[in-house]
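J.: So here's input.cif, just mmCIF, C-alpha atoms:
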```cif
data_entry
loop_
_atom_site.group_PDB
_atom_site.id
_atom_site.type_symbol
_atom_site.label_atom_id
_atom_site.label_comp_id
_atom_site.auth_asym_id
_atom_site.auth_seq_id
_atom_site.Cartn_x
_atom_site.Cartn_y
_atom_site.Cartn_z
ATOM 1 C CA MET W 1 34.160 -59.055 -25.559
ATOM 2 C CA PHE W 2 32.750 -57.228 -22.606
ATOM 3 C CA ARG W 3 30.943 -54.644 -24.720
ATOM 4 C CA ARG W 4 27.258 -54.113 -24.293
ATOM 5 C CA THR W 5 24.935 -54.431 -27.178
ATOM 6 C CA LYS W 6 22.784 -51.528 -28.332
ATOM 7 C CA SER W 7 19.644 -53.179 -27.032
ATOM 8 C CA GLU W 8 21.127 -53.356 -23.528
ATOM 9 C CA THR W 9 22.195 -49.693 -23.402
ATOM 10 C CA ASP W 10 19.105 -48.183 -25.045
ATOM 11 C CA THR W 11 16.821 -48.058 -22.069
ATOM 12 C CA THR W 12 14.326 -45.236 -22.502
ATOM 13 C CA VAL W 13 13.119 -43.634 -19.308
ATOM 14 C CA PRO W 14 9.652 -42.073 -19.194
ATOM 15 C CA ALA W 15 9.695 -38.267 -19.223
ATOM 16 C CA GLU W 16 8.189 -37.923 -15.747
ATOM 17 C CA SER W 17 10.855 -40.107 -14.107
ATOM 18 C CA GLN W 18 13.816 -38.410 -15.836
ATOM 19 C CA GLY W 19 16.211 -36.313 -13.815
ATOM 20 C CA LYS W 20 18.725 -36.955 -11.092
ATOM 21 C CA PRO W 21 17.631 -38.685 -7.944
ATOM 22 C CA GLY W 22 17.253 -36.048 -5.243
ATOM 23 C CA GLY W 23 16.817 -33.237 -7.862
ATOM 24 C CA LYS W 24 15.267 -29.888 -7.036
ATOM 25 C CA GLY W 25 11.840 -30.846 -8.406
ATOM 26 C CA ARG W 26 11.060 -27.325 -9.702
ATOM 27 C CA PRO W 27 11.884 -25.283 -12.797
ATOM 28 C CA THR W 28 15.045 -23.215 -12.888
ATOM 29 C CA PRO W 29 14.221 -19.584 -12.013
ATOM 30 C CA SER W 30 14.726 -16.886 -14.613
ATOM 31 C CA ARG W 31 17.648 -14.504 -14.298
ATOM 32 C CA LYS W 32 15.315 -11.705 -13.102
ATOM 33 C CA GLU W 33 13.812 -13.931 -10.395
ATOM 34 C CA ALA W 34 17.251 -15.118 -9.300
ATOM 35 C CA GLU W 35 18.542 -11.540 -8.982
ATOM 36 C CA ALA W 36 15.459 -10.481 -7.010
ATOM 37 C CA ALA W 37 15.896 -13.437 -4.647
ATOM 38 C CA ARG W 38 19.600 -12.661 -4.247
ATOM 39 C CA LYS W 39 18.872 -9.021 -3.411
ATOM 40 C CA ALA W 40 16.185 -10.036 -0.910
ATOM 41 C CA ALA W 41 18.575 -12.481 0.735
ATOM 42 C CA PHE W 42 21.263 -9.810 0.817
ATOM 43 C CA LYS W 43 18.932 -7.417 2.632
ATOM 44 C CA LYS W 44 17.900 -9.930 5.259
ATOM 45 C CA PRO W 45 19.578 -8.962 8.523
ATOM 46 C CA ARG W 46 21.887 -11.599 9.926
ATOM 47 C CA ASN W 47 21.939 -10.088 13.413
ATOM 48 C CA ARG W 48 20.424 -7.329 15.544
ATOM 49 C CA LYS W 49 23.037 -4.757 14.480
ATOM 50 C CA GLU W 50 22.269 -5.269 10.779
ATOM 51 C CA ALA W 51 18.513 -5.163 11.484
ATOM 52 C CA SER W 52 18.826 -1.785 13.239
ATOM 53 C CA ALA W 53 21.034 -0.464 10.401
ATOM 54 C CA ILE W 54 18.405 -1.486 7.823
ATOM 55 C CA ARG W 55 15.655 0.071 9.954
ATOM 56 C CA ARG W 56 17.634 3.339 10.254
ATOM 57 C CA GLU W 57 18.178 3.420 6.500
ATOM 58 C CA LYS W 58 14.472 2.861 5.876
ATOM 59 C CA VAL W 59 13.555 5.686 8.300
ATOM 60 C CA ARG W 60 16.115 7.985 6.622
ATOM 61 C CA THR W 61 14.649 7.218 3.181
ATOM 62 C CA GLU W 62 11.083 7.841 4.389
ATOM 63 C CA ARG W 63 12.152 11.118 6.029
ATOM 64 C CA ALA W 64 13.858 12.265 2.819
ATOM 65 C CA LYS W 65 10.687 11.474 0.833
ATOM 66 C CA MET W 66 8.591 13.386 3.378
ATOM 67 C CA GLN W 67 10.887 16.437 3.240
ATOM 68 C CA THR W 68 10.680 16.450 -0.558
ATOM 69 C CA ALA W 69 6.882 16.131 -0.343
ATOM 70 C CA MET W 70 6.786 19.126 2.024
ATOM 71 C CA GLN W 71 8.424 21.201 -0.720
ATOM 72 C CA THR W 72 6.478 19.801 -3.686
ATOM 73 C CA GLY W 73 3.105 18.962 -2.091
ATOM 74 C CA ASP W 74 3.284 15.291 -3.205
ATOM 75 C CA ASP W 75 0.352 13.779 -1.290
ATOM 76 C CA ARG W 76 1.809 10.238 -1.234
ATOM 77 C CA TYR W 77 4.598 11.077 1.211
ATOM 78 C CA LEU W 78 3.045 13.854 3.317
ATOM 79 C CA PRO W 79 2.426 13.265 7.040
ATOM 80 C CA ALA W 80 -1.032 11.866 7.870
ATOM 81 C CA ALA W 81 -2.174 15.275 9.242
ATOM 82 C CA ASP W 82 -1.586 16.914 5.828
ATOM 83 C CA LYS W 83 -2.836 14.143 3.527
ATOM 84 C CA GLY W 84 -5.943 14.192 1.394
ATOM 85 C CA PRO W 85 -7.744 16.517 -0.998
ATOM 86 C CA VAL W 86 -9.646 18.342 1.784
ATOM 87 C CA ARG W 87 -6.421 19.239 3.623
ATOM 88 C CA ARG W 88 -4.850 20.302 0.315
ATOM 89 C CA PHE W 89 -7.839 22.559 -0.386
ATOM 90 C CA ALA W 90 -7.635 24.026 3.149
ATOM 91 C CA ARG W 91 -3.938 24.846 2.664
ATOM 92 C CA ASP W 92 -4.636 26.496 -0.682
ATOM 93 C CA TYR W 93 -7.555 28.434 0.833
ATOM 94 C CA VAL W 94 -5.309 29.754 3.626
ATOM 95 C CA ASP W 95 -2.365 30.530 1.343
ATOM 96 C CA ALA W 96 -4.506 32.429 -1.168
ATOM 97 C CA ARG W 97 -5.752 35.012 1.375
ATOM 98 C CA TYR W 98 -4.242 37.822 3.445
ATOM 99 C CA SER W 99 -4.819 37.279 7.139
ATOM 100 C CA VAL W 100 -4.521 39.311 10.346
ATOM 101 C CA MET W 101 -3.445 36.169 12.216
ATOM 102 C CA GLU W 102 -0.391 35.744 10.004
ATOM 103 C CA PHE W 103 1.031 39.071 11.176
ATOM 104 C CA ALA W 104 -0.444 39.087 14.696
ATOM 105 C CA LEU W 105 2.551 37.598 16.500
ATOM 106 C CA PRO W 106 5.186 39.969 15.021
ATOM 107 C CA VAL W 107 2.907 42.998 15.589
ATOM 108 C CA LEU W 108 2.160 42.031 19.210
ATOM 109 C CA LEU W 109 5.864 41.429 19.815
ATOM 110 C CA VAL W 110 6.794 44.893 18.483
ATOM 111 C CA VAL W 111 3.993 46.572 20.487
ATOM 112 C CA SER W 112 5.034 44.859 23.715
ATOM 113 C CA LEU W 113 8.713 45.819 23.150
ATOM 114 C CA ILE W 114 7.710 49.445 22.591
ATOM 115 C CA GLY W 115 5.700 49.322 25.817
ATOM 116 C CA VAL W 116 8.576 47.850 27.842
ATOM 117 C CA VAL W 117 11.240 50.212 26.462
ATOM 118 C CA PHE W 118 9.315 53.526 26.391
ATOM 119 C CA SER W 119 6.715 53.180 29.195
ATOM 120 C CA PRO W 120 9.067 54.497 31.939
ATOM 121 C CA GLN W 121 9.638 57.727 29.968
ATOM 122 C CA PHE W 122 6.042 58.046 28.682
ATOM 123 C CA PRO W 123 3.542 56.731 31.266
ATOM 124 C CA TRP W 124 0.581 57.292 28.916
ATOM 125 C CA LEU W 125 2.118 54.731 26.462
ATOM 126 C CA ALA W 126 1.157 51.792 28.726
ATOM 127 C CA GLY W 127 -2.535 52.571 28.170
ATOM 128 C CA MET W 128 -1.997 52.798 24.378
ATOM 129 C CA VAL W 129 -0.203 49.431 24.367
ATOM 130 C CA ASN W 130 -3.107 47.827 26.246
ATOM 131 C CA LEU W 131 -5.596 49.300 23.761
ATOM 132 C CA LEU W 132 -3.535 48.016 20.818
ATOM 133 C CA PHE W 133 -3.418 44.540 22.402
ATOM 134 C CA LEU W 134 -7.195 44.542 22.828
ATOM 135 C CA PHE W 135 -7.694 45.777 19.252
ATOM 136 C CA MET W 136 -5.411 43.027 17.865
ATOM 137 C CA ILE W 137 -7.247 40.348 19.864
ATOM 138 C CA LEU W 138 -10.584 41.525 18.428
ATOM 139 C CA LEU W 139 -9.135 41.504 14.894
ATOM 140 C CA ILE W 140 -7.734 37.972 15.420
ATOM 141 C CA ALA W 141 -11.126 36.742 16.686
ATOM 142 C CA ALA W 142 -12.910 38.237 13.653
ATOM 143 C CA ASP W 143 -10.308 36.805 11.254
ATOM 144 C CA TRP W 144 -10.565 33.372 12.920
ATOM 145 C CA PHE W 145 -14.357 33.365 12.514
ATOM 146 C CA LEU W 146 -14.260 34.509 8.869
ATOM 147 C CA LEU W 147 -11.547 31.988 7.965
ATOM 148 C CA THR W 148 -13.177 28.927 9.547
ATOM 149 C CA SER W 149 -16.745 29.686 8.463
ATOM 150 C CA GLY W 150 -15.670 30.515 4.892
ATOM 151 C CA LEU W 151 -13.478 27.432 4.616
ATOM 152 C CA LYS W 152 -16.143 25.047 5.967
ATOM 153 C CA LYS W 153 -18.678 26.493 3.539
ATOM 154 C CA GLN W 154 -16.324 26.011 0.571
ATOM 155 C CA VAL W 155 -15.363 22.474 1.672
ATOM 156 C CA GLY W 156 -19.079 21.635 2.004
ATOM 157 C CA ILE W 157 -19.637 22.763 -1.597
ATOM 158 C CA LYS W 158 -16.530 21.146 -3.096
ATOM 159 C CA PHE W 159 -16.426 17.962 -0.976
ATOM 160 C CA PRO W 160 -20.038 17.376 0.146
ATOM 161 C CA LYS W 161 -19.397 13.822 1.377
ATOM 162 C CA GLU W 162 -16.197 14.643 3.297
ATOM 163 C CA SER W 163 -16.094 15.459 7.012
ATOM 164 C CA THR W 164 -15.005 18.971 8.019
ATOM 165 C CA LYS W 165 -13.980 17.844 11.515
ATOM 166 C CA GLY W 166 -10.717 19.514 12.576
ATOM 167 C CA ILE W 167 -10.369 21.441 9.319
ATOM 168 C CA GLY W 168 -10.950 24.829 10.979
ATOM 169 C CA PHE W 169 -8.205 24.354 13.552
ATOM 170 C CA TYR W 170 -5.883 22.989 10.826
ATOM 171 C CA ALA W 171 -6.428 26.164 8.792
ATOM 172 C CA VAL W 172 -5.989 28.489 11.807
ATOM 173 C CA ARG W 173 -2.751 26.766 12.810
ATOM 174 C CA ARG W 174 -1.403 27.231 9.286
ATOM 175 C CA THR W 175 -2.575 30.859 9.139
ATOM 176 C CA MET W 176 -0.668 31.726 12.312
ATOM 177 C CA GLN W 177 2.613 30.854 10.575
ATOM 178 C CA MET W 178 4.333 33.344 8.311
ATOM 179 C CA ARG W 179 3.769 32.313 4.681
ATOM 180 C CA ARG W 180 7.427 31.646 3.884
ATOM 181 C CA TRP W 181 7.791 29.241 6.833
ATOM 182 C CA ARG W 182 4.676 27.180 6.137
ATOM 183 C CA LEU W 183 5.051 23.474 5.505
ATOM 184 C CA PRO W 184 3.930 21.970 3.171
ATOM 185 C CA LYS W 185 5.021 24.903 1.023
ATOM 186 C CA PRO W 186 2.255 27.125 -0.413
ATOM 187 C CA MET W 187 1.223 26.012 -3.910
ATOM 188 C CA VAL W 188 -0.965 29.040 -4.784
ATOM 189 C CA LYS W 189 -0.292 32.764 -4.997
ATOM 190 C CA ARG W 190 -2.056 35.402 -2.903
ATOM 191 C CA GLY W 191 -5.469 36.183 -4.354
ATOM 192 C CA GLU W 192 -5.464 33.024 -6.485
ATOM 193 C CA LYS W 193 -8.604 30.898 -6.248
ATOM 194 C CA PRO W 194 -7.907 27.510 -4.583
ATOM 195 C CA SER W 195 -8.631 24.536 -6.852
#
```
How does this structure look as structure tokens?

T.:
Amino acid sequence: MFRRTKSETDTTVPAESQGKPGGKGRPTPSRKEAEAARKAAFKKPRNRKEASAIRREKVRTERAKMQTAMQTGDDRYLPAADKGPVRRFARDYVDARYSVMEFALPVLLVVSLIGVVFSPQFPWLAGMVNLLFLFMILLIAADWFLLTSGLKKQVGIKFPKESTKGIGFYAVRRTMQMRRWRLPKPMVKRGEKPS
């Protein structure tokens, strides 16, 4: 009696107007997109404490990557001062050679200790210590000159378009460290030609 006829109920709605009123008006995101959005929302800091915790975690992660890079020589995570093919070549050039500067500090330390301990008993030893100091300084100066001039020449051949500014001091600073304590770690053996 109160039933509707088929003609009354069959009202076709055009495709563009279908959907609930007040619907989202955009396609449903895929599962991958939804998970990515959820993770991003989860990482958003809700307050200052969470923001500082996230920042600390990020710094810790970057530091861990940098420490690994110092051991493996991975250029992506090295500090800015060590990045680039020219710096890599300079490190290899330094690590492949024997250098007076590498052993200068330990030798000078031993010589000065000998002078302090034995000079009161042997007055002539003070003059010998001074001569040894002078000799070491001359050797360091010669080694410094040979290292920097040789390195700049090789960099000019291998990287003609690259600047050599600061490369000499970078190499000298590395040379003054004992090989086993150098960072980034040496990637070539003594006497091996740097690539």

J.: Can you list, as an mmCIF file with C-alpha atoms, in the coordinates of the input, the residues that the PyMOL selection byres ((chain W and resi 172) around 12) selects here?

T.:
```cif
data_model
loop_
_atom_site.group_PDB
_atom_site.id
_atom_site.type_symbol
_atom_site.label_atom_id
_atom_site.label_comp_id
_atom_site.auth_asym_id
_atom_site.auth_seq_id
_atom_site.Cartn_x
_atom_site.Cartn_y
_atom_site.Cartn_z
ATOM 1 C CA ALA W 90 -7.635 24.026 3.149
ATOM 2 C CA ARG W 91 -3.938 24.846 2.664
ATOM 3 C CA TYR W 93 -7.555 28.434 0.833
ATOM 4 C CA VAL W 94 -5.309 29.754 3.626
ATOM 5 C CA ASP W 95 -2.365 30.530 1.343
ATOM 6 C CA SER W 99 -4.819 37.279 7.139
ATOM 7 C CA VAL W 100 -4.521 39.311 10.346
ATOM 8 C CA MET W 101 -3.445 36.169 12.216
ATOM 9 C CA GLU W 102 -0.391 35.744 10.004
ATOM 10 C CA ILE W 140 -7.734 37.972 15.420
ATOM 11 C CA ALA W 141 -11.126 36.742 16.686
ATOM 12 C CA ASP W 143 -10.308 36.805 11.254
ATOM 13 C CA TRP W 144 -10.565 33.372 12.920
ATOM 14 C CA PHE W 145 -14.357 33.365 12.514
ATOM 15 C CA LEU W 146 -14.260 34.509 8.869
ATOM 16 C CA LEU W 147 -11.547 31.988 7.965
ATOM 17 C CA THR W 148 -13.177 28.927 9.547
ATOM 18 C CA SER W 149 -16.745 29.686 8.463
ATOM 19 C CA LEU W 151 -13.478 27.432 4.616
ATOM 20 C CA GLY W 166 -10.717 19.514 12.576
ATOM 21 C CA ILE W 167 -10.369 21.441 9.319
ATOM 22 C CA GLY W 168 -10.950 24.829 10.979
ATOM 23 C CA PHE W 169 -8.205 24.354 13.552
ATOM 24 C CA TYR W 170 -5.883 22.989 10.826
ATOM 25 C CA ALA W 171 -6.428 26.164 8.792
ATOM 26 C CA ARG W 173 -2.751 26.766 12.810
ATOM 27 C CA ARG W 174 -1.403 27.231 9.286
ATOM 28 C CA THR W 175 -2.575 30.859 9.139
ATOM 29 C CA MET W 176 -0.668 31.726 12.312
ATOM 30 C CA GLN W 177 2.613 30.854 10.575
ATOM 31 C CA MET W 178 4.333 33.344 8.311
#
```

J.: Determine, counting all atoms listed in the file, which protein, DNA and RNA residues have an atom within 10 Å of an atom of Arg88 in chain W; residues of the same chain fewer than 2 positions away are not included. Present the result as a ChimeraX atom specification.

T.: /W:73,75,82-86,90-93,184,186-187,194-195

J.: Choose the residue, out of W:Met136, W:Leu183, W:Val155, W:Ala80, that has the smallest atom-to-atom separation from Pro106 in chain W; count all atoms listed in the file.

T.: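 Among the listed residues, W:Met136 lies closest to Pro106 in chain W.
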
J.: With only C-alpha atoms as the atoms that count, which of W:Val129, W:Met66, W:Ile54, W:Ile137 lies nearest to Leu105 in chain W?

T.: W:Ile137

J.: Return the single residue from W:Gln121, W:Ala96, W:Lys165, W:Leu132 that is closest to Leu109 in chain W, with distances computed using all atoms listed in the file.

T.: W:Leu132

J.: If you measure from CA of Lys153 in chain W to CA of Leu134 in chain W, what distance in Å do you get, rounded to one decimal?

T.: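 Taking CA of Lys153 in chain W as the start and CA of Leu134 in chain W as the end point, the length is 28.8 Å.
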
J.: Box for range 172-181 of chain W: with edges along x, y and z, all listed atoms inside and 5 Å added on each side, what are the centre and edge lengths in Å to one decimal, as JSON?

T.:
```
{"center_x": 0.9, "center_y": 30.1, "center_z": 8.3, "size_x": 23.8, "size_y": 16.6, "size_z": 18.9}
```

J.: If I take CA of Lys185 in chain W and CA of Lys161 in chain W, how far is one from the other in Å, to one decimal?

T.: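 Going from CA of Lys185 in chain W over to CA of Lys161 in chain W, I get 26.8 Å.
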
J.: Reconstruct all heavy atoms of range 172-183 of chain W; output as an mmCIF file, keeping the file's coordinate frame.

T.:
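As a result, out11.cif now contains:
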```cif
data_model
loop_
_atom_site.group_PDB
_atom_site.id
_atom_site.type_symbol
_atom_site.label_atom_id
_atom_site.label_comp_id
_atom_site.auth_asym_id
_atom_site.auth_seq_id
_atom_site.Cartn_x
_atom_site.Cartn_y
_atom_site.Cartn_z
ATOM 1 N N VAL W 172 -6.429 27.427 10.892
ATOM 2 C CA VAL W 172 -5.989 28.489 11.807
ATOM 3 C C VAL W 172 -4.521 28.300 12.169
ATOM 4 O O VAL W 172 -3.734 29.264 12.179
ATOM 5 C CB VAL W 172 -6.877 28.513 13.078
ATOM 6 C CG1 VAL W 172 -6.259 29.388 14.165
ATOM 7 C CG2 VAL W 172 -8.265 29.012 12.731
ATOM 8 N N ARG W 173 -4.143 27.058 12.453
ATOM 9 C CA ARG W 173 -2.751 26.766 12.810
ATOM 10 C C ARG W 173 -1.806 27.158 11.671
ATOM 11 O O ARG W 173 -0.740 27.721 11.897
ATOM 12 C CB ARG W 173 -2.622 25.275 13.143
ATOM 13 C CG ARG W 173 -1.360 24.928 13.916
ATOM 14 C CD ARG W 173 -1.318 23.464 14.243
ATOM 15 N NE ARG W 173 -1.184 22.694 13.032
ATOM 16 C CZ ARG W 173 -1.767 21.515 12.819
ATOM 17 N NH1 ARG W 173 -2.552 20.998 13.724
ATOM 18 N NH2 ARG W 173 -1.587 20.860 11.701
ATOM 19 N N ARG W 174 -2.230 26.873 10.445
ATOM 20 C CA ARG W 174 -1.403 27.231 9.286
ATOM 21 C C ARG W 174 -1.366 28.745 9.093
ATOM 22 O O ARG W 174 -0.325 29.312 8.761
ATOM 23 C CB ARG W 174 -1.945 26.543 8.026
ATOM 24 C CG ARG W 174 -1.076 26.763 6.792
ATOM 25 C CD ARG W 174 -1.537 25.889 5.657
ATOM 26 N NE ARG W 174 -0.756 26.109 4.456
ATOM 27 C CZ ARG W 174 0.388 25.510 4.174
ATOM 28 N NH1 ARG W 174 0.906 24.646 5.024
ATOM 29 N NH2 ARG W 174 1.039 25.754 3.051
ATOM 30 N N THR W 175 -2.492 29.410 9.323
ATOM 31 C CA THR W 175 -2.575 30.859 9.139
ATOM 32 C C THR W 175 -1.660 31.599 10.103
ATOM 33 O O THR W 175 -1.123 32.650 9.758
ATOM 34 C CB THR W 175 -4.030 31.335 9.342
ATOM 35 O OG1 THR W 175 -4.880 30.576 8.500
ATOM 36 C CG2 THR W 175 -4.203 32.793 8.996
ATOM 37 N N MET W 176 -1.489 31.056 11.299
ATOM 38 C CA MET W 176 -0.668 31.726 12.312
ATOM 39 C C MET W 176 0.828 31.686 11.991
ATOM 40 O O MET W 176 1.612 32.371 12.640
ATOM 41 C CB MET W 176 -0.926 31.105 13.685
ATOM 42 C CG MET W 176 -2.260 31.541 14.264
ATOM 43 S SD MET W 176 -2.530 30.852 15.889
ATOM 44 C CE MET W 176 -3.955 31.777 16.420
ATOM 45 N N GLN W 177 1.207 30.888 10.996
ATOM 46 C CA GLN W 177 2.613 30.854 10.575
ATOM 47 C C GLN W 177 2.822 31.855 9.448
ATOM 48 O O GLN W 177 1.930 32.052 8.624
ATOM 49 C CB GLN W 177 2.981 29.454 10.063
ATOM 50 C CG GLN W 177 2.831 28.363 11.103
ATOM 51 C CD GLN W 177 2.951 26.980 10.483
ATOM 52 O OE1 GLN W 177 2.646 26.780 9.322
ATOM 53 N NE2 GLN W 177 3.381 26.034 11.282
ATOM 54 N N MET W 178 3.997 32.472 9.427
ATOM 55 C CA MET W 178 4.333 33.344 8.311
ATOM 56 C C MET W 178 4.377 32.512 7.033
ATOM 57 O O MET W 178 4.828 31.365 7.054
ATOM 58 C CB MET W 178 5.693 34.015 8.535
ATOM 59 C CG MET W 178 5.739 34.936 9.732
ATOM 60 S SD MET W 178 4.738 36.412 9.546
ATOM 61 C CE MET W 178 5.741 37.382 8.444
ATOM 62 N N ARG W 179 3.918 33.057 5.943
ATOM 63 C CA ARG W 179 3.769 32.313 4.681
ATOM 64 C C ARG W 179 5.042 31.587 4.258
ATOM 65 O O ARG W 179 5.005 30.442 3.847
ATOM 66 C CB ARG W 179 3.301 33.272 3.586
ATOM 67 C CG ARG W 179 2.999 32.596 2.265
ATOM 68 C CD ARG W 179 2.609 33.613 1.215
ATOM 69 N NE ARG W 179 2.657 33.024 -0.108
ATOM 70 C CZ ARG W 179 1.629 32.448 -0.703
ATOM 71 N NH1 ARG W 179 0.462 32.374 -0.111
ATOM 72 N NH2 ARG W 179 1.746 31.941 -1.916
ATOM 73 N N ARG W 180 6.173 32.244 4.371
ATOM 74 C CA ARG W 180 7.427 31.646 3.884
ATOM 75 C C ARG W 180 7.891 30.458 4.723
ATOM 76 O O ARG W 180 8.708 29.661 4.279
ATOM 77 C CB ARG W 180 8.532 32.693 3.797
ATOM 78 C CG ARG W 180 8.978 33.244 5.136
ATOM 79 C CD ARG W 180 10.200 34.130 4.999
ATOM 80 N NE ARG W 180 9.915 35.307 4.195
ATOM 81 C CZ ARG W 180 10.831 36.183 3.836
ATOM 82 N NH1 ARG W 180 12.075 36.021 4.197
ATOM 83 N NH2 ARG W 180 10.502 37.241 3.135
ATOM 84 N N TRP W 181 7.384 30.343 5.947
ATOM 85 C CA TRP W 181 7.791 29.241 6.833
ATOM 86 C C TRP W 181 6.780 28.105 6.881
ATOM 87 O O TRP W 181 6.942 27.153 7.631
ATOM 88 C CB TRP W 181 8.030 29.767 8.254
ATOM 89 C CG TRP W 181 9.152 30.749 8.322
ATOM 90 C CD1 TRP W 181 10.292 30.753 7.578
ATOM 91 C CD2 TRP W 181 9.243 31.888 9.187
ATOM 92 N NE1 TRP W 181 11.094 31.822 7.901
ATOM 93 C CE2 TRP W 181 10.476 32.545 8.901
ATOM 94 C CE3 TRP W 181 8.411 32.428 10.165
ATOM 95 C CZ2 TRP W 181 10.890 33.696 9.566
ATOM 96 C CZ3 TRP W 181 8.820 33.576 10.829
ATOM 97 C CH2 TRP W 181 10.045 34.191 10.532
ATOM 98 N N ARG W 182 5.711 28.215 6.108
ATOM 99 C CA ARG W 182 4.676 27.180 6.137
ATOM 100 C C ARG W 182 5.145 25.897 5.457
ATOM 101 O O ARG W 182 5.787 25.940 4.409
ATOM 102 C CB ARG W 182 3.404 27.681 5.443
ATOM 103 C CG ARG W 182 2.684 28.757 6.215
ATOM 104 C CD ARG W 182 1.513 29.325 5.427
ATOM 105 N NE ARG W 182 0.934 30.468 6.131
ATOM 106 C CZ ARG W 182 0.071 31.296 5.597
ATOM 107 N NH1 ARG W 182 -0.341 31.138 4.354
ATOM 108 N NH2 ARG W 182 -0.405 32.306 6.303
ATOM 109 N N LEU W 183 4.791 24.795 6.077
ATOM 110 C CA LEU W 183 5.051 23.474 5.505
ATOM 111 C C LEU W 183 3.774 22.656 5.604
ATOM 112 O O LEU W 183 3.151 22.649 6.666
ATOM 113 C CB LEU W 183 6.187 22.769 6.254
ATOM 114 C CG LEU W 183 7.599 23.298 6.003
ATOM 115 C CD1 LEU W 183 8.598 22.600 6.907
ATOM 116 C CD2 LEU W 183 8.014 23.139 4.545
#
```
